[in-house]
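Trainee: Mind looking over this structure? Questions follow.
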Amino acid sequence: MSAELAVVYAALILQDDQIEITSDKLQTLVKAAGIEVEPVWFSLYAKALAGQDLKALLLNVGAPGAGGAAAATGASGAAASTEAAVEEAVEEKEESDDDMGFGMYF
């Protein structure tokens with residue numbers, strides 16, 4: 001089991017029992033499971049999940065929202081601009097190789 005997954009499961013256990021998610025409590029649960037995790041993960045997850053309602057987060061994963069359509073449009077626009085930039089870079093490279101005499105002439 002990965003370290004991150006162990007900490008997430010510990011956080012879910014704490015949330016399910018309506019116990020505050022702290023670094024110490026996460027570490028205690030993970031140690032009780034016999035999983036070795038670097039201490040930094042406990043504090044990262046404890047800070048990230050402080051004051052969060054995990055149940056609400058889990059129930060709203062993938063739920064459509066006002067920002068969903070804008071994010072999708074932005075993602076497709078970013079993909080198109082990235083593709084254009086890659087094509088331009090390839091063309092510049094080809095031109096650069098030809099200018100330096102690296103082109104393939106037979």
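By order in the structure tokens, chains are A, B, ...; within a chain, residues start at 1; ligands start at 1, following the order shown.
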Excluding same-chain residues fewer than 5 positions from Ser43 in chain A, what lies within 12 Å of it counting only C-alpha atoms, as a ChimeraX atom specification?
Mentor: /A:4,7,11,21-27,37-38,48-50
Trainee: Since we have the selection now, will you write its residues out, keeping N, CA and C atoms, as a CSV table (one decimal), in the first residue's frame?
Mentor:
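Generated file (part-v3.csv):
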```
chain,number,residue,atom,x,y,z
A,4,GLU,N,0.7,7.5,0.7
A,4,GLU,CA,-0.4,8.5,0.6
A,4,GLU,C,-1.8,7.8,0.8
A,7,VAL,N,-2.5,7.2,4.5
A,7,VAL,CA,-2.9,8.4,5.2
A,7,VAL,C,-4.3,8.8,4.8
A,11,ALA,N,-7.4,9.2,7.3
A,11,ALA,CA,-8.2,10.4,7.4
A,11,ALA,C,-9.7,10.1,7.3
A,21,ILE,N,-9.2,15.6,12.4
A,21,ILE,CA,-8.0,15.0,11.7
A,21,ILE,C,-6.8,15.8,12.0
A,22,THR,N,-5.9,15.2,12.8
A,22,THR,CA,-4.6,15.8,13.1
A,22,THR,C,-3.5,14.9,12.7
A,23,SER,N,-2.3,15.5,12.6
A,23,SER,CA,-1.1,14.8,12.2
A,23,SER,C,-0.9,13.6,13.2
A,24,ASP,N,-1.0,13.8,14.5
A,24,ASP,CA,-0.7,12.8,15.5
A,24,ASP,C,-1.7,11.6,15.3
A,25,LYS,N,-3.0,12.0,15.1
A,25,LYS,CA,-4.0,10.9,15.0
A,25,LYS,C,-3.8,10.1,13.7
A,26,LEU,N,-3.5,10.8,12.6
A,26,LEU,CA,-3.2,10.1,11.4
A,26,LEU,C,-2.0,9.1,11.6
A,27,GLN,N,-1.0,9.6,12.2
A,27,GLN,CA,0.2,8.8,12.4
A,27,GLN,C,-0.1,7.6,13.3
A,37,VAL,N,5.3,5.1,6.9
A,37,VAL,CA,5.1,6.3,6.2
A,37,VAL,C,6.0,7.4,6.7
A,38,GLU,N,6.6,8.2,5.8
A,38,GLU,CA,7.4,9.3,6.2
A,38,GLU,C,6.6,10.4,7.0
A,48,ALA,N,-4.0,20.0,4.9
A,48,ALA,CA,-4.9,20.1,3.8
A,48,ALA,C,-6.3,19.8,4.1
A,49,LEU,N,-6.5,18.9,5.1
A,49,LEU,CA,-7.9,18.5,5.4
A,49,LEU,C,-8.5,19.2,6.6
A,50,ALA,N,-7.7,20.1,7.2
A,50,ALA,CA,-8.2,20.8,8.4
A,50,ALA,C,-9.5,21.6,8.0
```
Trainee: When DSSP is applied to the backbone of this structure, which of range 21-51 of chain A are assigned helix (DSSP H, G or I)? Write them out as a list in words.
Mentor: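 Assigned to helix (DSSP H, G or I), within range 21-51 of chain A: Ser23, Asp24, Lys25, Leu26, Gln27, Thr28, Leu29, Val30, Lys31, Ala32, Pro39, Val40, Trp41, Phe42, Ser43, Leu44, Tyr45, Ala46, Lys47, Ala48 and Leu49 of chain A.
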Trainee: At what distance in Å, to one decimal, does CA of Leu14 in chain A lie from CA of Ser2 in chain A?
Mentor: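 Separating CA of Ser2 in chain A from CA of Leu14 in chain A is a distance of 18.7 Å.
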Trainee: Do you have the CA of Ile35 in chain A-CA of Ala3 in chain A distance handy?
Mentor: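 Between CA of Ile35 in chain A and CA of Ala3 in chain A the gap works out to 7.6 Å.
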Trainee: Could you work out how far CA of Val8 in chain A lies from CA of Lys55 in chain A, giving the answer in Å with one decimal?
Mentor: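 That distance, rounded to one decimal, is 12.8 Å.
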